[in-house]
$ cat query.cif   # mmCIF, C-alpha atoms and all ligand atoms
data_upload
#
loop_
_atom_site.label_atom_id
_atom_site.label_comp_id
_atom_site.auth_asym_id
_atom_site.auth_seq_id
_atom_site.Cartn_x
_atom_site.Cartn_y
_atom_site.Cartn_z
CA MET A 1403 34.08 113.76 -67.98
CA LEU A 1404 32.33 112.97 -71.22
CA GLN A 1405 30.65 110.01 -69.55
CA GLU A 1406 29.01 112.41 -67.06
CA ARG A 1407 27.91 114.81 -69.73
CA ILE A 1408 26.49 112.02 -71.90
CA PRO A 1409 25.18 109.52 -69.36
CA ASP A 1410 23.39 107.23 -71.76
CA LEU A 1411 24.32 107.27 -75.42
CA THR A 1412 21.55 104.80 -76.26
CA LYS A 1413 19.12 107.70 -75.77
CA TYR A 1414 20.63 109.25 -78.88
CA VAL A 1415 19.57 106.37 -81.12
CA GLU A 1416 15.94 105.26 -81.53
CA PRO A 1417 14.72 102.67 -84.06
CA ASP A 1418 13.49 105.32 -86.49
CA ARG A 1419 15.59 108.39 -85.62
CA VAL A 1420 18.92 109.67 -84.26
CA ARG A 1421 19.85 112.80 -82.30
CA ARG A 1422 21.69 115.42 -84.31
CA GLU A 1423 24.55 115.59 -81.76
CA VAL A 1424 25.66 112.17 -82.99
CA TYR A 1425 26.94 114.05 -86.05
CA THR A 1426 28.02 117.37 -84.56
CA ASP A 1427 29.30 116.87 -81.00
CA ALA A 1428 33.11 116.91 -80.82
CA ASP A 1429 33.13 114.86 -77.59
CA ILE A 1430 31.01 112.14 -79.18
CA PHE A 1431 33.44 112.15 -82.10
CA GLU A 1432 36.39 111.54 -79.73
CA LEU A 1433 34.52 108.67 -78.14
CA GLU A 1434 33.76 107.21 -81.57
CA MET A 1435 37.44 107.21 -82.41
CA GLN A 1436 38.27 105.36 -79.17
CA ARG A 1437 35.41 102.90 -79.21
CA ILE A 1438 34.95 102.26 -82.92
CA HIS A 1439 37.74 103.27 -85.29
CA GLU A 1440 40.64 102.52 -82.96
CA ARG A 1441 39.18 99.18 -81.99
CA VAL A 1442 37.65 97.42 -85.01
CA TRP A 1443 39.32 96.19 -88.23
CA ILE A 1444 40.13 99.17 -90.46
CA TYR A 1445 41.22 98.88 -94.08
CA CYS A 1446 44.83 100.01 -94.56
CA GLY A 1447 45.48 99.29 -98.21
CA HIS A 1448 46.18 96.62 -100.79
CA GLU A 1449 49.32 94.49 -100.70
CA SER A 1450 50.17 95.57 -104.26
CA GLN A 1451 50.60 99.15 -102.99
CA VAL A 1452 53.83 98.05 -101.30
CA PRO A 1453 55.37 95.48 -103.69
CA LYS A 1454 59.05 95.82 -102.66
CA ALA A 1455 60.81 95.56 -99.28
CA GLY A 1456 60.84 99.00 -97.65
CA ASP A 1457 57.82 100.28 -99.61
CA TYR A 1458 55.46 102.13 -97.29
CA TYR A 1459 52.14 103.98 -97.34
CA ALA A 1460 50.93 106.35 -94.63
CA VAL A 1461 47.40 105.59 -93.42
CA GLN A 1462 45.17 107.14 -90.76
CA ILE A 1463 43.37 104.82 -88.33
CA GLY A 1464 41.08 106.81 -86.06
CA ARG A 1465 43.32 109.56 -84.70
CA GLN A 1466 46.50 107.54 -85.20
CA PRO A 1467 48.98 108.16 -88.03
CA MET A 1468 50.13 104.71 -89.16
CA LEU A 1469 52.45 103.19 -91.76
CA MET A 1470 51.83 100.11 -93.86
CA VAL A 1471 55.27 98.76 -94.81
CA ARG A 1472 56.58 95.69 -96.63
CA GLY A 1473 59.40 93.87 -94.82
CA ALA A 1474 62.38 92.09 -96.39
CA ASP A 1475 60.67 88.84 -95.35
CA GLY A 1476 57.71 89.76 -97.59
CA LYS A 1477 55.38 90.42 -94.67
CA VAL A 1478 53.24 93.57 -94.57
CA ASN A 1479 53.55 95.36 -91.21
CA VAL A 1480 51.41 98.16 -89.82
CA LEU A 1481 53.26 100.50 -87.41
CA TYR A 1482 52.54 103.74 -85.60
CA ASN A 1483 54.25 106.51 -87.58
CA ARG A 1484 56.17 107.71 -84.55
CA CYS A 1485 59.76 107.56 -83.40
CA PRO A 1486 60.07 106.22 -79.84
CA HIS A 1487 62.85 108.72 -79.07
CA ARG A 1488 61.15 112.12 -79.06
CA GLY A 1489 58.04 111.36 -81.07
CA ASN A 1490 59.04 112.55 -84.53
CA MET A 1491 56.90 111.08 -87.31
CA MET A 1492 59.07 108.52 -89.03
CA CYS A 1493 57.77 109.28 -92.53
CA GLY A 1494 56.43 112.68 -93.53
CA ASP A 1495 55.60 111.62 -97.09
CA ARG A 1496 52.39 109.88 -98.04
CA HIS A 1497 54.32 106.96 -99.55
CA GLY A 1498 57.80 105.94 -100.64
CA ASN A 1499 60.55 103.45 -99.97
CA THR A 1500 62.46 103.61 -96.71
CA GLY A 1501 65.40 101.49 -97.92
CA ASP A 1502 66.76 98.63 -95.82
CA PHE A 1503 65.51 100.23 -92.60
CA PHE A 1504 63.75 103.31 -91.18
CA ARG A 1505 66.04 106.12 -90.11
CA CYS A 1506 64.55 108.95 -88.07
CA SER A 1507 65.30 112.36 -89.58
CA TYR A 1508 65.84 113.95 -86.15
CA HIS A 1509 68.58 111.99 -84.28
CA ALA A 1510 69.10 108.96 -86.53
CA TRP A 1511 67.61 106.15 -84.45
CA THR A 1512 67.06 103.30 -86.91
CA PHE A 1513 64.44 100.54 -87.06
CA HIS A 1514 63.76 97.37 -88.99
CA HIS A 1515 60.69 97.18 -91.27
CA ASP A 1516 58.75 95.42 -88.50
CA GLY A 1517 59.46 98.34 -86.14
CA ARG A 1518 62.17 96.62 -84.06
CA LEU A 1519 65.01 98.90 -82.95
CA LYS A 1520 68.13 98.50 -85.10
CA SER A 1521 70.49 101.08 -83.64
CA ILE A 1522 70.75 104.23 -81.53
CA PRO A 1523 73.68 106.62 -82.09
CA MET A 1524 76.06 106.43 -79.11
CA MET A 1525 74.07 103.56 -77.67
CA GLU A 1526 76.97 102.37 -75.47
CA SER A 1527 78.40 105.72 -74.36
CA GLY A 1528 75.16 107.66 -74.13
CA TYR A 1529 72.69 105.19 -72.68
CA ALA A 1530 74.75 102.93 -70.40
CA GLY A 1531 72.95 102.63 -67.08
CA THR A 1532 69.66 104.06 -68.39
CA ARG A 1533 66.42 102.19 -69.09
CA TYR A 1534 66.96 102.74 -72.82
CA GLY A 1535 68.65 100.06 -74.90
CA ARG A 1536 68.16 97.22 -77.32
CA ASP A 1537 66.18 95.07 -74.88
CA ASN A 1538 63.60 97.70 -73.97
CA PRO A 1539 60.52 97.31 -76.22
CA ASP A 1540 59.78 101.02 -75.67
CA CYS A 1541 62.74 101.72 -77.94
CA SER A 1542 61.04 100.09 -80.92
CA MET A 1543 58.32 101.56 -83.12
CA LYS A 1544 54.95 100.42 -81.82
CA ARG A 1545 53.07 97.96 -83.99
CA ALA A 1546 49.31 97.82 -84.65
CA ALA A 1547 47.94 95.25 -82.22
CA ARG A 1548 46.68 93.02 -85.05
CA VAL A 1549 47.18 92.89 -88.83
CA GLU A 1550 45.44 90.49 -91.20
CA SER A 1551 44.74 90.47 -94.89
CA TYR A 1552 42.09 88.86 -97.06
CA ARG A 1553 42.75 88.29 -100.77
CA GLY A 1554 45.40 91.01 -100.71
CA PHE A 1555 43.35 93.62 -98.80
CA VAL A 1556 45.19 94.56 -95.58
CA PHE A 1557 43.33 95.48 -92.39
CA ALA A 1558 44.63 96.45 -88.94
CA SER A 1559 43.01 96.62 -85.54
CA LEU A 1560 44.53 98.73 -82.76
CA SER A 1561 42.91 96.51 -80.13
CA PRO A 1562 44.58 93.26 -79.09
CA ASP A 1563 41.18 91.66 -78.39
CA GLY A 1564 38.28 90.88 -80.62
CA GLU A 1565 37.21 88.74 -83.51
CA SER A 1566 39.44 87.68 -86.38
CA LEU A 1567 39.19 89.71 -89.59
CA LEU A 1568 37.07 87.02 -91.25
CA GLU A 1569 34.67 86.86 -88.32
CA PHE A 1570 34.38 90.64 -88.40
CA LEU A 1571 33.77 90.76 -92.16
CA GLY A 1572 31.21 87.95 -92.14
CA GLU A 1573 29.16 88.02 -95.34
CA SER A 1574 30.69 91.34 -96.39
CA LYS A 1575 33.84 89.49 -97.47
CA VAL A 1576 31.93 88.86 -100.71
CA ALA A 1577 33.13 92.34 -101.74
CA PHE A 1578 36.69 91.03 -102.09
CA ASP A 1579 35.70 87.62 -103.45
CA ASP A 1580 33.52 89.20 -106.12
CA MET A 1581 36.24 91.65 -107.15
CA CYS A 1582 39.08 89.07 -107.27
CA ASP A 1583 37.02 86.26 -108.80
CA ARG A 1584 36.24 88.52 -111.75
CA ALA A 1585 39.98 88.49 -112.58
CA PRO A 1586 41.08 85.58 -114.79
CA GLU A 1587 44.07 85.17 -112.46
CA GLY A 1588 41.92 85.42 -109.32
CA GLU A 1589 43.74 88.53 -108.06
CA VAL A 1590 43.54 92.29 -108.43
CA GLU A 1591 46.27 94.87 -108.52
CA ILE A 1592 45.86 98.41 -107.27
CA VAL A 1593 46.22 101.35 -109.66
CA PRO A 1594 48.79 103.32 -107.68
CA ASN A 1595 46.96 106.60 -107.36
CA CYS A 1596 43.74 107.62 -105.69
CA PHE A 1597 41.35 110.53 -105.48
CA ARG A 1598 41.55 112.10 -102.05
CA VAL A 1599 38.50 114.14 -101.12
CA ILE A 1600 38.08 116.07 -97.90
CA GLN A 1601 34.41 116.47 -97.08
CA HIS A 1602 33.27 119.18 -94.70
CA SER A 1603 30.88 116.87 -92.92
CA ASN A 1604 30.73 114.05 -90.40
CA TRP A 1605 31.98 110.62 -91.53
CA LYS A 1606 28.63 108.91 -90.92
CA ILE A 1607 26.86 111.18 -93.44
CA PHE A 1608 29.10 109.75 -96.17
CA LEU A 1609 28.52 106.13 -95.15
CA GLU A 1610 24.75 106.62 -94.93
CA ASN A 1611 24.77 107.92 -98.50
CA GLN A 1612 26.54 104.89 -99.93
CA LEU A 1613 23.51 102.59 -99.85
CA ASP A 1614 20.91 105.33 -100.08
CA ALA A 1615 19.12 103.95 -103.12
CA LEU A 1616 16.69 106.86 -103.34
CA HIS A 1617 19.21 109.66 -103.74
CA PRO A 1618 20.73 108.89 -107.21
CA SER A 1619 17.54 109.64 -109.08
CA VAL A 1620 17.23 112.95 -107.23
CA THR A 1621 20.76 114.19 -106.51
CA HIS A 1622 22.24 112.91 -109.78
CA GLN A 1623 19.20 113.54 -111.97
CA SER A 1624 20.71 116.47 -113.85
CA THR A 1625 23.80 114.40 -114.72
CA GLY A 1626 21.61 111.49 -115.79
CA ARG A 1627 19.39 113.59 -118.02
CA ALA A 1628 22.31 115.30 -119.76
CA ALA A 1629 24.07 111.97 -120.34
CA HIS A 1630 20.83 110.43 -121.57
CA ASP A 1631 20.27 113.20 -124.14
CA VAL A 1632 23.78 112.83 -125.56
CA GLU A 1633 23.57 109.02 -125.48
CA LYS A 1634 20.39 109.12 -127.58
CA LEU A 1635 21.92 111.59 -130.00
CA ILE A 1636 24.99 109.40 -130.57
CA GLU A 1637 22.79 106.32 -130.91
CA LYS A 1638 20.73 108.07 -133.55
CA LYS A 1639 23.82 109.04 -135.53
CA THR A 1640 25.93 105.91 -135.18
CA GLY A 1641 23.60 103.14 -134.07
CA LYS A 1642 25.14 102.75 -130.61
CA ALA A 1643 26.68 104.88 -127.85
CA PRO A 1644 29.72 104.07 -125.68
CA ILE A 1645 28.85 102.27 -122.42
CA SER A 1646 30.22 105.21 -120.39
CA TYR A 1647 27.13 107.25 -121.31
CA HIS A 1648 24.93 104.48 -119.99
CA MET A 1649 26.82 104.54 -116.67
CA LEU A 1650 25.61 108.10 -116.16
CA SER A 1651 22.25 108.06 -117.93
CA ALA A 1652 21.11 105.31 -115.55
CA PHE A 1653 20.88 108.00 -112.86
CA ALA A 1654 17.90 109.43 -114.75
CA THR A 1655 16.45 106.32 -116.40
CA VAL A 1656 16.47 104.26 -113.19
CA THR A 1657 13.73 106.25 -111.51
CA ILE A 1658 12.79 106.08 -107.82
CA ASP A 1659 10.23 103.32 -108.31
CA LYS A 1660 12.82 101.18 -110.13
CA TRP A 1661 15.35 101.58 -107.33
CA ASP A 1662 12.70 100.10 -105.06
CA ASN A 1663 13.11 96.83 -107.00
CA PHE A 1664 16.64 96.39 -105.66
CA GLN A 1665 17.28 94.99 -102.23
CA THR A 1666 19.55 95.62 -99.28
CA LEU A 1667 20.85 92.90 -96.97
CA ASN A 1668 21.85 94.20 -93.57
CA TYR A 1669 24.30 92.23 -91.46
CA PRO A 1670 25.69 92.40 -87.91
CA HIS A 1671 28.40 95.06 -87.27
CA GLY A 1672 26.60 97.54 -89.57
CA HIS A 1673 27.77 95.89 -92.82
CA CYS A 1674 25.29 96.04 -95.75
CA ILE A 1675 24.97 94.89 -99.33
CA LEU A 1676 22.93 96.63 -102.04
CA THR A 1677 22.02 94.21 -104.82
CA GLY A 1678 21.39 95.08 -108.44
CA TYR A 1679 23.94 96.22 -110.95
CA MET A 1680 23.06 98.46 -113.84
CA GLY A 1681 25.26 96.89 -116.55
CA LEU A 1682 25.38 93.34 -115.29
CA ARG A 1683 25.89 91.40 -118.52
CA PRO A 1684 26.46 93.73 -121.47
CA GLN A 1685 27.02 91.95 -124.79
CA ASP A 1686 29.47 94.37 -126.42
CA PRO A 1687 32.65 93.01 -128.13
CA ASP A 1688 34.91 93.96 -125.17
CA THR A 1689 32.75 92.04 -122.71
CA LEU A 1690 32.52 89.05 -125.03
CA ALA A 1691 36.34 88.97 -125.37
CA TYR A 1692 36.63 89.12 -121.57
CA ASP A 1693 34.06 86.35 -121.17
CA LYS A 1694 36.20 84.12 -123.43
CA VAL A 1695 39.32 84.66 -121.27
CA MET A 1696 37.30 83.98 -118.13
CA ILE A 1697 35.75 80.77 -119.48
CA LYS A 1698 39.23 79.56 -120.42
CA ALA A 1699 40.46 80.29 -116.88
CA TYR A 1700 37.50 78.95 -114.88
CA GLY A 1701 35.31 76.78 -117.15
CA GLN A 1702 31.76 77.67 -118.19
CA LYS A 1703 30.02 76.71 -114.94
CA ARG A 1704 32.28 78.63 -112.56
CA PHE A 1705 32.34 81.58 -114.98
CA GLU A 1706 28.55 81.80 -114.89
CA GLU A 1707 28.62 81.74 -111.09
CA ILE A 1708 31.22 84.50 -110.94
CA VAL A 1709 29.61 86.96 -113.34
CA GLY A 1710 26.17 86.09 -111.96
CA VAL A 1711 26.99 87.70 -108.57
CA ASN A 1712 24.64 90.63 -108.43
CA ILE A 1713 26.12 93.29 -106.18
CA HIS A 1714 26.06 97.03 -106.58
CA HIS A 1715 27.73 98.09 -103.35
CA VAL A 1716 29.10 96.50 -100.17
CA LEU A 1717 29.47 98.67 -97.13
CA ILE A 1718 31.93 97.42 -94.52
CA TYR A 1719 31.19 99.52 -91.47
CA PRO A 1720 32.75 101.82 -90.28
CA GLY A 1721 35.35 102.56 -92.90
CA LEU A 1722 34.89 101.06 -96.33
CA SER A 1723 32.53 101.07 -99.28
CA VAL A 1724 33.29 98.65 -102.14
CA GLN A 1725 31.84 98.46 -105.65
CA SER A 1726 33.25 95.10 -106.67
CA PRO A 1727 31.85 94.73 -110.23
CA LEU A 1728 33.47 98.08 -111.09
CA GLN A 1729 36.68 97.36 -109.15
CA GLN A 1730 36.65 100.40 -106.93
CA LEU A 1731 36.52 101.18 -103.24
CA ARG A 1732 36.27 104.19 -101.00
CA ALA A 1733 38.08 104.22 -97.66
CA VAL A 1734 36.68 106.61 -95.08
CA ARG A 1735 39.09 108.37 -92.70
CA PRO A 1736 37.41 110.67 -90.14
CA LEU A 1737 39.63 113.71 -89.47
CA GLY A 1738 37.36 115.64 -87.14
CA VAL A 1739 33.70 115.88 -86.22
CA ASP A 1740 33.02 117.91 -89.38
CA ARG A 1741 35.89 116.78 -91.62
CA THR A 1742 36.23 113.45 -93.40
CA LEU A 1743 38.80 112.21 -95.85
CA THR A 1744 37.78 109.66 -98.44
CA GLU A 1745 40.40 107.86 -100.52
CA ILE A 1746 38.92 106.41 -103.70
CA TRP A 1747 40.97 103.63 -105.27
CA HIS A 1748 40.45 101.40 -108.27
CA PHE A 1749 41.96 98.09 -109.33
CA ARG A 1750 42.99 96.08 -112.37
CA LEU A 1751 41.66 92.56 -112.83
CA LYS A 1752 44.84 90.53 -113.35
CA GLY A 1753 44.76 88.72 -116.67
CA ALA A 1754 41.74 90.64 -118.05
CA PRO A 1755 41.91 92.38 -121.45
CA GLU A 1756 42.83 96.08 -121.35
CA PRO A 1757 39.36 97.41 -122.42
CA ILE A 1758 37.89 95.98 -119.20
CA TYR A 1759 40.33 98.09 -117.21
CA ARG A 1760 39.48 101.12 -119.40
CA ARG A 1761 35.81 100.62 -118.53
CA SER A 1762 36.50 100.57 -114.82
CA LEU A 1763 38.74 103.66 -115.21
CA ALA A 1764 35.94 105.42 -117.12
CA TYR A 1765 33.45 104.77 -114.32
CA TYR A 1766 36.03 105.76 -111.70
CA ASN A 1767 36.57 109.12 -113.39
CA LEU A 1768 32.91 109.68 -114.28
CA VAL A 1769 31.71 109.46 -110.70
CA ASN A 1770 34.73 110.56 -108.63
CA SER A 1771 37.05 112.93 -110.46
CA PRO A 1772 37.20 116.63 -109.57
CA ALA A 1773 35.78 117.26 -113.06
CA THR A 1774 32.56 115.31 -112.54
CA ILE A 1775 29.40 116.82 -111.19
CA VAL A 1776 28.36 113.43 -109.71
CA ASN A 1777 30.68 113.56 -106.72
CA ALA A 1778 30.29 117.33 -106.42
CA ASP A 1779 26.50 116.96 -106.06
CA ASP A 1780 26.97 114.41 -103.26
CA LEU A 1781 29.57 116.59 -101.53
CA GLU A 1782 27.24 119.56 -101.59
CA ASN A 1783 24.52 117.48 -99.92
CA PHE A 1784 26.99 116.26 -97.26
CA TRP A 1785 28.12 119.78 -96.43
CA LYS A 1786 24.55 121.08 -96.37
CA CYS A 1787 23.46 118.19 -94.13
CA HIS A 1788 26.21 118.97 -91.67
CA GLN A 1789 25.31 122.66 -91.68
CA GLY A 1790 21.62 121.90 -91.13
CA LEU A 1791 22.37 119.44 -88.35
CA SER A 1792 24.53 122.06 -86.62
CA SER A 1793 21.55 124.40 -86.44
CA ASP A 1794 18.73 124.59 -83.89
CA GLY A 1795 16.18 123.86 -86.60
CA GLY A 1796 15.45 120.42 -85.20
CA ASP A 1797 16.91 117.72 -82.96
CA TRP A 1798 16.43 114.51 -84.91
CA VAL A 1799 17.49 112.81 -88.13
CA SER A 1800 14.82 110.49 -89.56
CA PHE A 1801 15.51 106.95 -90.82
CA ALA A 1802 11.90 105.77 -90.97
CA ARG A 1803 11.42 104.93 -94.65
CA HIS A 1804 9.92 101.41 -94.96
CA LEU A 1805 10.39 100.85 -91.21
CA GLY A 1806 8.40 97.85 -90.06
CA ARG A 1807 8.54 96.08 -93.43
CA ASP A 1808 12.01 94.61 -92.95
CA ILE A 1809 12.33 90.84 -92.83
CA GLU A 1810 14.72 89.49 -90.21
CA LYS A 1811 16.21 86.02 -90.69
CA ASN A 1812 19.06 84.69 -88.52
CA GLY A 1813 20.25 88.17 -87.59
CA VAL A 1814 20.18 89.41 -91.20
CA VAL A 1815 17.69 92.14 -92.06
CA GLU A 1816 16.45 91.95 -95.66
CA THR A 1817 14.33 94.64 -97.18
CA ALA A 1818 10.96 93.38 -98.41
CA ALA A 1819 10.05 93.16 -102.11
CA GLY A 1820 9.46 96.61 -103.53
CA CYS A 1821 11.21 98.32 -100.59
CA GLY A 1822 14.73 98.71 -102.05
CA THR A 1823 14.89 102.35 -101.00
CA SER A 1824 14.28 101.40 -97.39
CA GLU A 1825 16.43 103.23 -94.84
CA ALA A 1826 17.26 99.83 -93.31
CA PRO A 1827 21.02 100.29 -94.05
CA MET A 1828 21.09 103.52 -92.02
CA ARG A 1829 19.14 101.88 -89.18
CA ASN A 1830 21.57 98.98 -89.31
CA GLN A 1831 24.61 101.28 -89.17
CA MET A 1832 23.20 103.18 -86.21
CA LYS A 1833 22.39 99.93 -84.42
CA ALA A 1834 26.05 98.89 -84.76
CA TRP A 1835 27.14 102.39 -83.72
CA ALA A 1836 25.08 102.20 -80.51
CA GLN A 1837 26.44 98.72 -79.74
CA TYR A 1838 30.06 99.83 -80.18
CA MET A 1839 29.57 103.08 -78.27
CA THR A 1840 27.91 101.48 -75.27
CA ALA A 1841 29.96 98.26 -75.10
CA GLU A 1842 31.70 97.58 -71.80
CA LYS A 1843 35.42 98.51 -71.59
S1 LIG A 1901 63.04 111.85 -82.50
FE1 LIG A 1901 63.63 110.16 -83.70
S2 LIG A 1901 65.70 109.90 -83.29
FE2 LIG A 1901 65.13 111.55 -82.06
FE FE A 1902 25.54 109.98 -104.91
#
$ encode --input "query.cif" --output "structure tokens"
Amino acid sequence: MLQERIPDLTKYVEPDRVRREVYTDADIFELEMQRIHERVWIYCGHESQVPKAGDYYAVQIGRQPMLMVRGADGKVNVLYNRCPHRGNMMCGDRHGNTGDFFRCSYHAWTFHHDGRLKSIPMMESGYAGTRYGRDNPDCSMKRAARVESYRGFVFASLSPDGESLLEFLGESKVAFDDMCDRAPEGEVEIVPNCFRVIQHSNWKIFLENQLDALHPSVTHQSTGRAAHDVEKLIEKKTGKAPISYHMLSAFATVTIDKWDNFQTLNYPHGHCILTGYMGLRPQDPDTLAYDKVMIKAYGQKRFEEIVGVNIHHVLIYPGLSVQSPLQQLRAVRPLGVDRTLTEIWHFRLKGAPEPIYRRSLAYYNLVNSPATIVNADDLENFWKCHQGLSSDGGDWVSFARHLGRDIEKNGVVETAAGCGTSEAPMRNQMKAWAQYMTAEK
């Protein structure tokens, strides 16, 4: 039916603009869930979220409620959160431990951690002669078609076909390498709590903002100015201000023209990298102590390579935005055409001194907590964008900034020198969107 109503979705996406319905049409949203989110590799969580057998976390993939669960064999499974008997959700909590097996709260069917049926009450007397029994796979919890992890980050795809996780990630896997390599032990560990934010706007509006290098100096200017004033005051009194002030004052001191000095690299599948990192190599005592531990672990040469990686943000389309030097990520879970959940997690660098974790925690709170105006200012823009796009005030969204100046090499689109605020990342995301939405199948 939808196919008839929307005969050619490619008409909705032009090189420099996109139809507003792409953000507001509930039928297009349903199709996106089928053709994008329920097909590609979606981030579920980190292995350290489920350290013990039976530990589980509920996670949404497209429209599907799923469970990430650690088995007794140490393997991480991803299952549909649904009992095969009468459809009851197996776990109503967001996370917990299910014990040696899952037991449905309705009629006590039980399942192993990999979803296989364990037992049905009155199996012999009640089900003899029926199609239901141990050998029928329909009596087990359904598994995600594919599950793979990379450096502890678990992804699932609900489609049996398609590329491997590494092929899908391509160059964007640097997000996980950069984060883990910065740990003296080469691994990160999740901090077992996240900010959950429900945005009253379409999921693509959030993703488009992640590498929008123009917006910080506008949207976050008031935060930057206030932080800058206080930073200067403290510096005057004490000689130096804590680095946390600098994290915020950069919003004002890095003006629009300076953001243009950064660069975005735009890859197939809609993935993008924004280079440039505001506090790349600070020389404070905490950083110097960390550098020492790192040099001991890796040697001088490798250490220089690791801390020399210059990444601000990696966007893994369509569901993840990673800030590896600050050890945080945002997972995007669309809930409806105008409702999007983001889960914002941060990580500890294993083996790093405590002050390095404190720094990452400070940034995490400064930009994401309910008490910060940084996230609130973004959320207000997202909501207002969705409201404006729902109106008859215009039909198109423009992505034309620096169009025509991009440099394409081997399928990778680089922004030209001095064009860091190019809308190339948005054009790249919409290109991937159109490819997914119009692919055969
Ligand atoms: S619905 Fe799960 S056992 Fe009946
Ligand atoms: Fe922002």
$ atom_distance --input "query.cif" --atom1 "CA of Tyr1838 (chain A)" --atom2 "CA of Glu1565 (chain A)"
13.6 Å
$ closest_residue --input "query.cif" --among "A:Ala1802, A:Val1424, A:Ala1455, A:Cys1541" --to "Thr1500 (chain A)" --atoms "all atoms listed in the file"
A:Ala1455
$ residues_around --input "query.cif" --residues "Gln1837 (chain A)" --least-positions-apart "2" --cutoff "10 Å" --atoms "all atoms listed in the file" --output "list in words"
Leu1411, Thr1412, Arg1437, Ile1438, His1671, Gly1672, Gln1831, Met1832, Lys1833, Ala1834, Trp1835, Met1839, Thr1840, Ala1841 and Glu1842 of chain A
$ residues_around --input "query.cif" --residues "Leu1613 (chain A)" --least-positions-apart "4" --cutoff "8 Å" --atoms "all atoms listed in the file" --output "list in words"
Leu1609, Cys1674, Ile1675, Leu1676, His1715, Leu1717 and Pro1827 of chain A
$ closest_atom_pairs --input "query.cif" --of "chain A" --to "ligand LIG 1901 (chain A)" --cutoff "8 Å" --atoms "all atoms listed in the file" --output "JSON lines"
{"residue": "A:Arg1484", "atom": "CA", "partner": "A:LIG1901", "partner_atom": "FE1", "distance": 7.9}
{"residue": "A:Cys1485", "atom": "CA", "partner": "A:LIG1901", "partner_atom": "FE1", "distance": 4.7}
{"residue": "A:Pro1486", "atom": "CA", "partner": "A:LIG1901", "partner_atom": "FE1", "distance": 6.6}
{"residue": "A:His1487", "atom": "CA", "partner": "A:LIG1901", "partner_atom": "S1", "distance": 4.6}
{"residue": "A:Arg1488", "atom": "CA", "partner": "A:LIG1901", "partner_atom": "S1", "distance": 3.9}
{"residue": "A:Gly1489", "atom": "CA", "partner": "A:LIG1901", "partner_atom": "S1", "distance": 5.2}
{"residue": "A:Asn1490", "atom": "CA", "partner": "A:LIG1901", "partner_atom": "S1", "distance": 4.5}
{"residue": "A:Met1491", "atom": "CA", "partner": "A:LIG1901", "partner_atom": "FE1", "distance": 7.7}
{"residue": "A:Met1492", "atom": "CA", "partner": "A:LIG1901", "partner_atom": "FE1", "distance": 7.2}
{"residue": "A:Arg1505", "atom": "CA", "partner": "A:LIG1901", "partner_atom": "S2", "distance": 7.8}
{"residue": "A:Cys1506", "atom": "CA", "partner": "A:LIG1901", "partner_atom": "FE1", "distance": 4.6}
{"residue": "A:Ser1507", "atom": "CA", "partner": "A:LIG1901", "partner_atom": "FE1", "distance": 6.5}
{"residue": "A:Tyr1508", "atom": "CA", "partner": "A:LIG1901", "partner_atom": "FE2", "distance": 4.8}
{"residue": "A:His1509", "atom": "CA", "partner": "A:LIG1901", "partner_atom": "S2", "distance": 3.7}
{"residue": "A:Ala1510", "atom": "CA", "partner": "A:LIG1901", "partner_atom": "S2", "distance": 4.8}
{"residue": "A:Trp1511", "atom": "CA", "partner": "A:LIG1901", "partner_atom": "S2", "distance": 4.4}
{"residue": "A:Thr1512", "atom": "CA", "partner": "A:LIG1901", "partner_atom": "S2", "distance": 7.6}
{"residue": "A:Ile1522", "atom": "CA", "partner": "A:LIG1901", "partner_atom": "S2", "distance": 7.8}
$ closest_residue --input "query.cif" --among "A:Ser1651, A:Thr1657, A:Glu1637, A:Val1452" --to "Ser1624 (chain A)" --atoms "all atoms listed in the file"
A:Ser1651
$ residues_around --input "query.cif" --residues "Glu1706 (chain A)" --least-positions-apart "4" --cutoff "12 Å" --atoms "all atoms listed in the file" --output "ChimeraX atom specification"
/A:1583-1584,1682-1683,1693-1694,1696-1697,1700-1702,1710-1712
$ atom_distance --input "query.cif" --atom1 "CA of Gly1464 (chain A)" --atom2 "CA of Glu1440 (chain A)"
5.3 Å
$ atom_distance --input "query.cif" --atom1 "CA of Gly1721 (chain A)" --atom2 "CA of His1748 (chain A)"
16.2 Å
$ build_atoms --input "query.cif" --residues "region 1451-1456 of chain A" --atoms "N, CA and C atoms" --output "PDB file, in the coordinates of the input"
ATOM      1  N   GLN A1451      50.145  97.768-103.177  1.00  0.00           N
ATOM      2  CA  GLN A1451      50.600  99.150-102.990  1.00  0.00           C
ATOM      3  C   GLN A1451      52.049  99.180-102.506  1.00  0.00           C
ATOM      4  N   VAL A1452      52.479  98.097-101.879  1.00  0.00           N
ATOM      5  CA  VAL A1452      53.830  98.050-101.300  1.00  0.00           C
ATOM      6  C   VAL A1452      54.531  96.777-101.813  1.00  0.00           C
ATOM      7  N   PRO A1453      54.847  96.730-103.130  1.00  0.00           N
ATOM      8  CA  PRO A1453      55.370  95.480-103.690  1.00  0.00           C
ATOM      9  C   PRO A1453      56.778  95.114-103.212  1.00  0.00           C
ATOM     10  N   LYS A1454      57.636  96.117-102.963  1.00  0.00           N
ATOM     11  CA  LYS A1454      59.050  95.820-102.660  1.00  0.00           C
ATOM     12  C   LYS A1454      59.345  96.050-101.174  1.00  0.00           C
ATOM     13  N   ALA A1455      60.395  95.360-100.671  1.00  0.00           N
ATOM     14  CA  ALA A1455      60.810  95.560 -99.280  1.00  0.00           C
ATOM     15  C   ALA A1455      61.115  97.041 -99.052  1.00  0.00           C
ATOM     16  N   GLY A1456      60.603  97.591 -97.971  1.00  0.00           N
ATOM     17  CA  GLY A1456      60.840  99.000 -97.650  1.00  0.00           C
ATOM     18  C   GLY A1456      59.767  99.928 -98.198  1.00  0.00           C
TER      19      GLY A1456
END
